[in-house]
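Colleague: Sharing a structure with you now.
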Amino acid sequence: MARSMLLISRQAPWAGPAAREALDLALAGGAFDLPLSLLFLDDGVLQLTSGQQPQQLQQKDLGANLQALPLFGIEQLYASQRSLTERGLQHAELGLPVQRLDDDEVRQLLASHDLLVTL
Amino acid sequence: MQFVIALFAASHQPSARRALRFAEAALAGGHQINRLFFYQDAVSIANNSQVQAQDEFDLPAAWREFIERHQLDAVVCIAAALRRGLLDSQEAQRYGRPAATLASGYCLSGLGQLHEAAQQADRLVCFGGD
């Protein structure tokens, strides 16, 4: 049986290529049909906010790529409620159907996967 | 035990050196390293154009020697490499660049190589994630 990977994405979409590269690693795993979950943590939750205008920074729209996750079979999407709250996003509408987890649930999520990668 | 080691931080970051020490200790302890995978800024470790001052530790050179001595499988993510100026001779030719910058001993390939190795090894150990 394939081993499960939890990918923890911690960077804002405008903070260099890290967020895009985390997403690329997730999509590559999805292409191999691997059991993969994605947790948005710390500044990573900023990838989920809607209404961004990345073209103002001559950037590609990461949100459009995030929409590809379910198409690649990656439907286990999570966000830290604490990270959202710290950034005033506790009530914000998010661009992806993520499950919001409190700290205990984040701990359980970490423990329930075979492989952890933080980017 | 079989390890796959993933590196994410640039050659001047402490974790790039720690990863080398870990890899050395793993082999010294009788373990195997199935693959080294260089992603994000860690692709700079494979850059043969870096020049260190004479009295400074040359970490990319130390990695090259280690990989060569133990004939390790050292894979550099091609997408991360291209956007940071790391090209082998084939990519340099393809994009009309004057020189290859990828050190010998490394090969450019895709992210699937990290997933594949992580599935097969006993442990995936990552260094320098953000």
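Residues in the structure tokens are named by chain (A, B, ... in the order shown) and by number from 1 within that chain; ligands are numbered from 1 in the order shown.
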Tell me as a PyMOL selection string which residues belonging to chain A come within 10 Å of chain B, counting only C-alpha atoms.
Modeller: chain A and resi 1-5+8-11+17-19+21-22+24-32+34+114-119
Colleague: Could you dump the residues just selected with N, CA, C and O atoms as a compact mmCIF listing (two decimals), in the first residue's frame?
Modeller:
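The result, written out as out22.txt:
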```
# COMPACT_ATOMS: atom_id res chain seq x y z
N MET A 1 0.84 -1.21 0.00
CA MET A 1 0.00 0.00 0.00
C MET A 1 0.88 1.26 0.00
O MET A 1 1.89 1.30 0.68
N ALA A 2 0.47 2.22 -0.76
CA ALA A 2 1.26 3.45 -0.86
C ALA A 2 1.26 4.19 0.48
O ALA A 2 0.28 4.15 1.21
N ARG A 3 2.36 4.84 0.76
CA ARG A 3 2.46 5.58 2.00
C ARG A 3 1.90 6.99 1.82
O ARG A 3 2.08 7.62 0.78
N SER A 4 1.24 7.47 2.87
CA SER A 4 0.57 8.76 2.78
C SER A 4 1.56 9.89 3.08
O SER A 4 2.43 9.75 3.94
N MET A 5 1.40 10.98 2.38
CA MET A 5 2.24 12.15 2.60
C MET A 5 1.37 13.35 2.99
O MET A 5 0.34 13.58 2.38
N ILE A 8 2.98 20.32 4.04
CA ILE A 8 2.63 21.50 4.82
C ILE A 8 3.16 22.73 4.09
O ILE A 8 4.37 22.89 3.92
N SER A 9 2.24 23.57 3.64
CA SER A 9 2.60 24.74 2.84
C SER A 9 2.54 25.98 3.72
O SER A 9 1.48 26.35 4.21
N ARG A 10 3.68 26.64 3.92
CA ARG A 10 3.76 27.69 4.95
C ARG A 10 4.07 29.07 4.39
O ARG A 10 4.24 30.02 5.17
N GLN A 11 4.18 29.21 3.08
CA GLN A 11 4.60 30.51 2.56
C GLN A 11 3.47 31.23 1.81
O GLN A 11 2.65 30.60 1.15
N PRO A 17 9.00 31.72 -4.84
CA PRO A 17 8.41 30.55 -5.49
C PRO A 17 7.99 29.42 -4.56
O PRO A 17 7.51 28.40 -5.02
N ALA A 18 8.16 29.58 -3.24
CA ALA A 18 7.95 28.45 -2.32
C ALA A 18 6.53 27.90 -2.39
O ALA A 18 6.33 26.68 -2.41
N ALA A 19 5.53 28.78 -2.41
CA ALA A 19 4.14 28.31 -2.42
C ALA A 19 3.85 27.53 -3.70
O ALA A 19 3.22 26.47 -3.67
N GLU A 21 6.03 25.98 -5.53
CA GLU A 21 6.80 24.74 -5.54
C GLU A 21 6.18 23.70 -4.60
O GLU A 21 6.26 22.50 -4.87
N ALA A 22 5.57 24.16 -3.52
CA ALA A 22 4.84 23.22 -2.65
C ALA A 22 3.66 22.62 -3.42
O ALA A 22 3.41 21.41 -3.38
N ASP A 24 3.39 22.34 -6.66
CA ASP A 24 3.91 21.44 -7.71
C ASP A 24 4.22 20.05 -7.15
O ASP A 24 3.96 19.05 -7.80
N LEU A 25 4.76 20.02 -5.94
CA LEU A 25 5.07 18.73 -5.33
C LEU A 25 3.78 17.95 -5.04
O LEU A 25 3.71 16.74 -5.24
N ALA A 26 2.75 18.69 -4.61
CA ALA A 26 1.46 18.04 -4.35
C ALA A 26 0.87 17.48 -5.65
O ALA A 26 0.43 16.33 -5.70
N LEU A 27 0.91 18.29 -6.70
CA LEU A 27 0.31 17.85 -7.98
C LEU A 27 1.09 16.66 -8.55
O LEU A 27 0.48 15.75 -9.13
N ALA A 28 2.40 16.66 -8.37
CA ALA A 28 3.20 15.52 -8.85
C ALA A 28 2.79 14.24 -8.12
O ALA A 28 2.68 13.18 -8.72
N GLY A 29 2.54 14.36 -6.82
CA GLY A 29 2.09 13.19 -6.05
C GLY A 29 0.72 12.74 -6.51
O GLY A 29 0.46 11.53 -6.64
N GLY A 30 -0.14 13.70 -6.80
CA GLY A 30 -1.47 13.38 -7.30
C GLY A 30 -1.41 12.66 -8.64
O GLY A 30 -2.17 11.72 -8.89
N ALA A 31 -0.47 13.08 -9.48
CA ALA A 31 -0.33 12.46 -10.80
C ALA A 31 0.07 10.99 -10.67
O ALA A 31 -0.21 10.19 -11.56
N PHE A 32 0.74 10.65 -9.54
CA PHE A 32 1.12 9.26 -9.30
C PHE A 32 0.06 8.53 -8.46
O PHE A 32 0.32 7.42 -7.97
N LEU A 34 -0.84 9.03 -5.50
CA LEU A 34 -0.39 8.78 -4.13
C LEU A 34 -1.37 9.44 -3.15
O LEU A 34 -1.94 10.49 -3.46
N ASP A 114 2.28 9.05 7.02
CA ASP A 114 3.58 8.36 7.06
C ASP A 114 4.73 9.32 6.78
O ASP A 114 5.81 9.18 7.33
N LEU A 115 4.52 10.26 5.87
CA LEU A 115 5.60 11.15 5.42
C LEU A 115 5.15 12.60 5.59
O LEU A 115 4.02 12.95 5.26
N LEU A 116 6.05 13.44 6.11
CA LEU A 116 5.76 14.86 6.27
C LEU A 116 6.79 15.67 5.51
O LEU A 116 7.98 15.43 5.62
N VAL A 117 6.31 16.63 4.73
CA VAL A 117 7.20 17.54 4.02
C VAL A 117 6.71 18.96 4.26
O VAL A 117 5.53 19.25 4.03
N THR A 118 7.59 19.83 4.73
CA THR A 118 7.23 21.23 4.98
C THR A 118 7.96 22.12 3.99
O THR A 118 9.18 22.05 3.87
N LEU A 119 7.18 22.94 3.26
CA LEU A 119 7.80 23.82 2.27
C LEU A 119 7.31 25.26 2.47
O LEU A 119 6.22 25.47 2.93
```
Colleague: Among chain B, which residues does DSSP mark as strand (DSSP E or B) when it is run on the backbone? Keep the chain and numbering as in the structure and answer as a compact mmCIF listing (two decimals) with N, CA, C and O atoms, in the first residue's frame.
Modeller:
```txt
# COMPACT_ATOMS: atom_id res chain seq x y z
N GLN B 2 17.18 2.28 4.86
CA GLN B 2 17.33 3.00 3.59
C GLN B 2 16.75 4.40 3.72
O GLN B 2 15.58 4.56 4.07
N PHE B 3 17.55 5.39 3.41
CA PHE B 3 17.13 6.78 3.53
C PHE B 3 16.97 7.43 2.16
O PHE B 3 17.71 7.11 1.22
N VAL B 4 16.02 8.34 2.07
CA VAL B 4 16.04 9.32 0.99
C VAL B 4 16.14 10.68 1.69
O VAL B 4 15.45 10.93 2.68
N ILE B 5 17.03 11.51 1.20
CA ILE B 5 17.28 12.80 1.84
C ILE B 5 16.88 13.91 0.87
O ILE B 5 17.34 13.95 -0.28
N ALA B 6 15.97 14.76 1.33
CA ALA B 6 15.52 15.89 0.52
C ALA B 6 16.08 17.18 1.09
O ALA B 6 16.05 17.39 2.31
N LEU B 7 16.61 18.01 0.22
CA LEU B 7 17.19 19.29 0.64
C LEU B 7 16.42 20.43 -0.01
O LEU B 7 16.10 20.36 -1.21
N GLN B 32 21.92 2.95 4.12
CA GLN B 32 21.99 3.27 2.69
C GLN B 32 21.29 4.59 2.42
O GLN B 32 20.30 4.92 3.08
N ILE B 33 21.77 5.29 1.41
CA ILE B 33 21.05 6.47 0.92
C ILE B 33 20.58 6.14 -0.49
O ILE B 33 21.39 6.02 -1.41
N ASN B 34 19.29 5.95 -0.63
CA ASN B 34 18.74 5.57 -1.94
C ASN B 34 18.77 6.72 -2.93
O ASN B 34 18.92 6.52 -4.13
N ARG B 35 18.53 7.91 -2.41
CA ARG B 35 18.51 9.07 -3.30
C ARG B 35 18.69 10.34 -2.49
O ARG B 35 18.19 10.47 -1.38
N LEU B 36 19.39 11.29 -3.11
CA LEU B 36 19.41 12.67 -2.63
C LEU B 36 18.55 13.46 -3.59
O LEU B 36 18.68 13.32 -4.81
N PHE B 37 17.66 14.30 -3.05
CA PHE B 37 16.81 15.09 -3.94
C PHE B 37 16.94 16.56 -3.56
O PHE B 37 16.73 16.95 -2.41
N PHE B 38 17.28 17.38 -4.55
CA PHE B 38 17.54 18.81 -4.33
C PHE B 38 16.39 19.61 -4.94
O PHE B 38 16.13 19.52 -6.15
N ASN B 47 25.35 23.81 -8.14
CA ASN B 47 25.83 24.82 -9.09
C ASN B 47 27.37 24.80 -9.16
O ASN B 47 28.04 25.09 -8.17
N ALA B 74 21.94 11.46 -7.17
CA ALA B 74 21.68 12.84 -6.76
C ALA B 74 20.83 13.52 -7.83
O ALA B 74 21.29 13.83 -8.91
N VAL B 75 19.55 13.75 -7.49
CA VAL B 75 18.60 14.28 -8.46
C VAL B 75 18.26 15.72 -8.10
O VAL B 75 17.97 16.03 -6.94
N VAL B 76 18.29 16.59 -9.10
CA VAL B 76 17.95 17.99 -8.94
C VAL B 76 16.65 18.24 -9.69
O VAL B 76 16.54 17.89 -10.87
N CYS B 77 15.67 18.84 -9.03
CA CYS B 77 14.39 19.11 -9.70
C CYS B 77 14.63 20.05 -10.87
O CYS B 77 15.16 21.16 -10.72
N LEU B 102 25.33 22.94 -14.13
CA LEU B 102 25.10 21.82 -13.22
C LEU B 102 26.40 21.03 -13.04
O LEU B 102 27.04 20.63 -14.01
N TYR B 106 25.40 15.11 -10.68
CA TYR B 106 23.99 15.39 -10.48
C TYR B 106 23.23 15.16 -11.79
O TYR B 106 23.79 15.35 -12.86
N CYS B 107 21.94 14.82 -11.67
CA CYS B 107 21.12 14.81 -12.87
C CYS B 107 19.83 15.59 -12.62
O CYS B 107 19.33 15.69 -11.50
N LEU B 108 19.32 16.20 -13.69
CA LEU B 108 18.07 16.94 -13.64
C LEU B 108 16.92 15.98 -13.91
O LEU B 108 16.97 15.20 -14.87
N SER B 109 15.89 16.06 -13.09
CA SER B 109 14.71 15.23 -13.35
C SER B 109 13.51 15.84 -12.64
O SER B 109 13.60 16.93 -12.07
N ARG B 123 12.93 5.76 5.31
CA ARG B 123 12.74 7.10 5.89
C ARG B 123 12.99 8.18 4.85
O ARG B 123 13.95 8.10 4.08
N LEU B 124 12.13 9.19 4.87
CA LEU B 124 12.40 10.44 4.14
C LEU B 124 12.83 11.46 5.18
O LEU B 124 12.11 11.70 6.15
N VAL B 125 14.02 12.02 4.99
CA VAL B 125 14.51 13.05 5.92
C VAL B 125 14.70 14.33 5.14
O VAL B 125 15.40 14.37 4.13
N CYS B 126 14.04 15.40 5.59
CA CYS B 126 14.08 16.69 4.86
C CYS B 126 14.94 17.69 5.63
O CYS B 126 14.92 17.74 6.85
N PHE B 127 15.65 18.51 4.89
CA PHE B 127 16.47 19.56 5.49
C PHE B 127 16.12 20.90 4.87
O PHE B 127 16.12 21.04 3.65
```
Colleague: Could you name the residues that touch region 90-104 of chain A at 9 Å or less, counting only C-alpha atoms, but leaving out those on the same chain fewer than 2 positions away, as a count of residues only?
Modeller: 28
Colleague: Which residue gives the smallest distance to Ser104 (chain B) among B:Glu24, B:Asp58, B:Glu65, B:Glu91, with only C-alpha atoms counted?
Modeller: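 Closest to Ser104 (chain B), using only C-alpha atoms: B:Glu65.
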Colleague: My list of candidates is B:Leu86, B:Thr101, B:Ile67, B:Val43. Which is closest to Leu20 (chain B) when distances are computed with only C-alpha atoms?
Modeller: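 Answer, going by the shortest atom-to-atom distance: B:Ile67.
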Colleague: Give me the residues near Asn48 (chain B) as a list in words, where near means some atom within 12 Å (using only C-alpha atoms) and where sequence neighbours in that chain fewer than 2 positions away do not count.
Modeller: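 Near Asn48 (chain B), the qualifying residues are Ser11, Val43, Ser44, Ile45, Ala46, Gln50, Val51, Gln52, Asp58, Leu59, Pro60, Ala61, Ala62, Trp63, Arg64, Gly85, Leu86, Leu87, Asp88, Ala99, Ala100, Thr101, Leu102, Ala103, Ser104, Gly105 and Tyr106 of chain B.
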